[in-house]
Amino acid sequence: MSSTPGEVEMADGAKPVGTQRTRLIGGPGMLLVWLYGVMVVGAVSRSAYQISTEFDRAPLAYSLSAIAALVYAFITYTLVRGGETARKAALACCAAELVGVLVVGTWTLVEPSAFPDATVWSDFGMGYLFIPVLLPVTAVFWLRRARTAAAV
């Protein structure tokens with residue numbers, strides 16, 4: 001039997017109704033996982049290089065890029081994991097991500113001198129084709145839809 005912690009599995013391998021993990025990566029969810037995965041690679045690569053080679057030039061910007069990488073990695077993990085708890089965690093993290101993108105994006109426009117170099121979320125993600133601002137909005141809609149689909 002290969003149930004994960006907290007899940008019940010019957011002798012025949014089936015799970016009782018109500019304990020099966022809701023898949024979050026079906027249909028458009030798979031595209032979200034792919035896009036978040038790409039953003040993880042981009043943000044991790046960017047922040048790791050910048051922190052290791054020129055951190056003293058723009059510590060705030062490079063630290064925010066590293067935080068963005070962690071956020072993207074966590075959301076990717078929760079989408080792949082599936083289940084109601086993961087869906088709620090991903091939803092909360094996507095909402096926090098959106099707030100971060102809006103705050104950092106506005107901050108970089110209002111006070112550009114605070115950012116001698118760009119972050120992943122600078123100018124609302126313009127350097128990443130605005131994917132950082134569009135992705136959490138899309139993910140929130142998808143995760144809310146996944147909740148209502150699981151309730152049916």
# chains A, B, ... in the order shown; residues from 1 in each chain; ligands from 1
>>> residues_around(residues="Asp117 in chain A", least_positions_apart="3", cutoff="12 Å", atoms="only C-alpha atoms", output="list in words")
Arg46, Ser47, Gln50, Ile51, Glu54, Phe55, Asp56, Arg57, Ala58, Pro59, Leu60, Ala61, Tyr62, Ser63, Leu64, Ser65, Thr108, Pro112, Ser113, Ala114, Val120, Trp121, Ser122, Asp123 and Gly127 of chain A
>>> write_last_selection(atoms="N, CA and C atoms", output="PDB file, in the first residue's frame")
ATOM      1  N   ARG A  46      18.920  33.599 -11.776  1.00  0.00           N
ATOM      2  CA  ARG A  46      19.213  35.032 -11.700  1.00  0.00           C
ATOM      3  C   ARG A  46      19.697  35.428 -10.309  1.00  0.00           C
ATOM      4  N   SER A  47      18.940  35.055  -9.292  1.00  0.00           N
ATOM      5  CA  SER A  47      19.296  35.482  -7.937  1.00  0.00           C
ATOM      6  C   SER A  47      20.585  34.818  -7.457  1.00  0.00           C
ATOM      7  N   GLN A  50      23.461  36.671  -9.180  1.00  0.00           N
ATOM      8  CA  GLN A  50      23.606  38.038  -8.705  1.00  0.00           C
ATOM      9  C   GLN A  50      24.045  38.103  -7.247  1.00  0.00           C
ATOM     10  N   ILE A  51      23.518  37.248  -6.416  1.00  0.00           N
ATOM     11  CA  ILE A  51      23.908  37.240  -5.001  1.00  0.00           C
ATOM     12  C   ILE A  51      25.359  36.804  -4.847  1.00  0.00           C
ATOM     13  N   GLU A  54      27.598  39.889  -7.265  1.00  0.00           N
ATOM     14  CA  GLU A  54      27.500  41.341  -7.132  1.00  0.00           C
ATOM     15  C   GLU A  54      26.467  41.787  -6.097  1.00  0.00           C
ATOM     16  N   PHE A  55      26.363  41.051  -5.005  1.00  0.00           N
ATOM     17  CA  PHE A  55      25.358  41.326  -3.989  1.00  0.00           C
ATOM     18  C   PHE A  55      25.458  42.750  -3.438  1.00  0.00           C
ATOM     19  N   ASP A  56      26.668  43.257  -3.275  1.00  0.00           N
ATOM     20  CA  ASP A  56      26.843  44.590  -2.702  1.00  0.00           C
ATOM     21  C   ASP A  56      26.305  45.703  -3.608  1.00  0.00           C
ATOM     22  N   ARG A  57      26.079  45.415  -4.864  1.00  0.00           N
ATOM     23  CA  ARG A  57      25.578  46.419  -5.807  1.00  0.00           C
ATOM     24  C   ARG A  57      24.102  46.735  -5.580  1.00  0.00           C
ATOM     25  N   ALA A  58      23.283  45.700  -5.336  1.00  0.00           N
ATOM     26  CA  ALA A  58      21.842  45.898  -5.147  1.00  0.00           C
ATOM     27  C   ALA A  58      21.282  44.789  -4.258  1.00  0.00           C
ATOM     28  N   PRO A  59      21.624  44.802  -2.967  1.00  0.00           N
ATOM     29  CA  PRO A  59      21.196  43.697  -2.091  1.00  0.00           C
ATOM     30  C   PRO A  59      19.682  43.536  -1.992  1.00  0.00           C
ATOM     31  N   LEU A  60      18.945  44.625  -1.970  1.00  0.00           N
ATOM     32  CA  LEU A  60      17.486  44.526  -1.875  1.00  0.00           C
ATOM     33  C   LEU A  60      16.906  43.842  -3.111  1.00  0.00           C
ATOM     34  N   ALA A  61      17.320  44.284  -4.271  1.00  0.00           N
ATOM     35  CA  ALA A  61      16.804  43.710  -5.522  1.00  0.00           C
ATOM     36  C   ALA A  61      17.126  42.223  -5.624  1.00  0.00           C
ATOM     37  N   TYR A  62      18.356  41.856  -5.306  1.00  0.00           N
ATOM     38  CA  TYR A  62      18.750  40.455  -5.443  1.00  0.00           C
ATOM     39  C   TYR A  62      18.092  39.574  -4.381  1.00  0.00           C
ATOM     40  N   SER A  63      17.889  40.115  -3.207  1.00  0.00           N
ATOM     41  CA  SER A  63      17.188  39.363  -2.157  1.00  0.00           C
ATOM     42  C   SER A  63      15.724  39.157  -2.538  1.00  0.00           C
ATOM     43  N   LEU A  64      15.101  40.180  -3.115  1.00  0.00           N
ATOM     44  CA  LEU A  64      13.706  40.032  -3.548  1.00  0.00           C
ATOM     45  C   LEU A  64      13.575  39.012  -4.679  1.00  0.00           C
ATOM     46  N   SER A  65      14.560  38.939  -5.554  1.00  0.00           N
ATOM     47  CA  SER A  65      14.539  37.919  -6.603  1.00  0.00           C
ATOM     48  C   SER A  65      14.658  36.520  -6.004  1.00  0.00           C
ATOM     49  N   THR A 108       9.192  50.103  -7.638  1.00  0.00           N
ATOM     50  CA  THR A 108      10.225  50.348  -8.649  1.00  0.00           C
ATOM     51  C   THR A 108       9.860  51.499  -9.582  1.00  0.00           C
ATOM     52  N   PRO A 112      12.630  54.559  -8.245  1.00  0.00           N
ATOM     53  CA  PRO A 112      13.588  53.724  -8.983  1.00  0.00           C
ATOM     54  C   PRO A 112      14.990  53.713  -8.382  1.00  0.00           C
ATOM     55  N   SER A 113      15.361  54.754  -7.646  1.00  0.00           N
ATOM     56  CA  SER A 113      16.700  54.799  -7.057  1.00  0.00           C
ATOM     57  C   SER A 113      16.893  53.737  -5.970  1.00  0.00           C
ATOM     58  N   ALA A 114      15.808  53.196  -5.436  1.00  0.00           N
ATOM     59  CA  ALA A 114      15.905  52.138  -4.424  1.00  0.00           C
ATOM     60  C   ALA A 114      16.350  50.820  -5.048  1.00  0.00           C
ATOM     61  N   VAL A 120      12.924  40.298 -10.205  1.00  0.00           N
ATOM     62  CA  VAL A 120      11.976  39.547 -11.024  1.00  0.00           C
ATOM     63  C   VAL A 120      10.653  40.305 -11.103  1.00  0.00           C
ATOM     64  N   TRP A 121      10.282  40.996 -10.021  1.00  0.00           N
ATOM     65  CA  TRP A 121       8.992  41.669  -9.953  1.00  0.00           C
ATOM     66  C   TRP A 121       9.053  43.151 -10.315  1.00  0.00           C
ATOM     67  N   SER A 122      10.222  43.665 -10.704  1.00  0.00           N
ATOM     68  CA  SER A 122      10.342  45.076 -11.077  1.00  0.00           C
ATOM     69  C   SER A 122       9.414  45.414 -12.233  1.00  0.00           C
ATOM     70  N   ASP A 123       8.849  46.611 -12.157  1.00  0.00           N
ATOM     71  CA  ASP A 123       7.946  47.087 -13.220  1.00  0.00           C
ATOM     72  C   ASP A 123       6.870  46.044 -13.540  1.00  0.00           C
ATOM     73  N   GLY A 127      10.446  42.618 -17.335  1.00  0.00           N
ATOM     74  CA  GLY A 127      11.590  41.870 -17.851  1.00  0.00           C
ATOM     75  C   GLY A 127      11.270  40.404 -18.120  1.00  0.00           C
TER      76      GLY A 127
END
>>> atom_distance(atom1="CA of Val104 in chain A", atom2="CA of Pro28 in chain A")
27.4 Å
>>> closest_residue(among="A:Ala96, A:Ala43, A:Met30, A:Ala146", to="Ala118 in chain A", atoms="only C-alpha atoms")
A:Ala43
>>> residues_around(residues="Glu97 in chain A", least_positions_apart="2", cutoff="10 Å", atoms="only C-alpha atoms", output="short mmCIF file (atom, residue, chain, number, x, y, z; two decimals) with C-alpha atoms, in the first residue's frame")
data_model
loop_
_atom_site.label_atom_id
_atom_site.label_comp_id
_atom_site.auth_asym_id
_atom_site.auth_seq_id
_atom_site.Cartn_x
_atom_site.Cartn_y
_atom_site.Cartn_z
CA ILE A 67 12.32 35.42 -2.36
CA ALA A 68 10.41 35.29 -5.66
CA VAL A 71 7.61 31.56 -3.73
CA TYR A 72 7.58 30.09 -7.25
CA ILE A 75 3.64 27.12 -5.54
CA LEU A 91 -4.02 29.92 -3.12
CA ALA A 92 -2.64 31.83 -0.13
CA CYS A 93 0.85 31.89 -1.62
CA CYS A 94 -0.46 33.09 -5.01
CA ALA A 95 -2.33 35.90 -3.28
CA VAL A 99 0.65 41.48 -3.44
CA GLY A 100 4.45 41.25 -3.67
CA VAL A 101 4.44 41.86 -7.42
CA LEU A 102 2.12 44.85 -7.03
CA VAL A 103 4.11 46.34 -4.14
CA TRP A 121 8.99 41.67 -9.95
CA PRO A 132 4.96 37.60 -12.77
CA VAL A 133 1.79 39.70 -12.57
CA LEU A 135 0.61 34.17 -13.35
CA PRO A 136 -0.76 34.64 -9.81
CA VAL A 137 -4.02 36.10 -11.13
#
>>> atom_distance(atom1="CA of Thr78 in chain A", atom2="CA of Ile131 in chain A")
19.1 Å
>>> atom_distance(atom1="CA of Met39 in chain A", atom2="CA of Ala69 in chain A")
7.3 Å
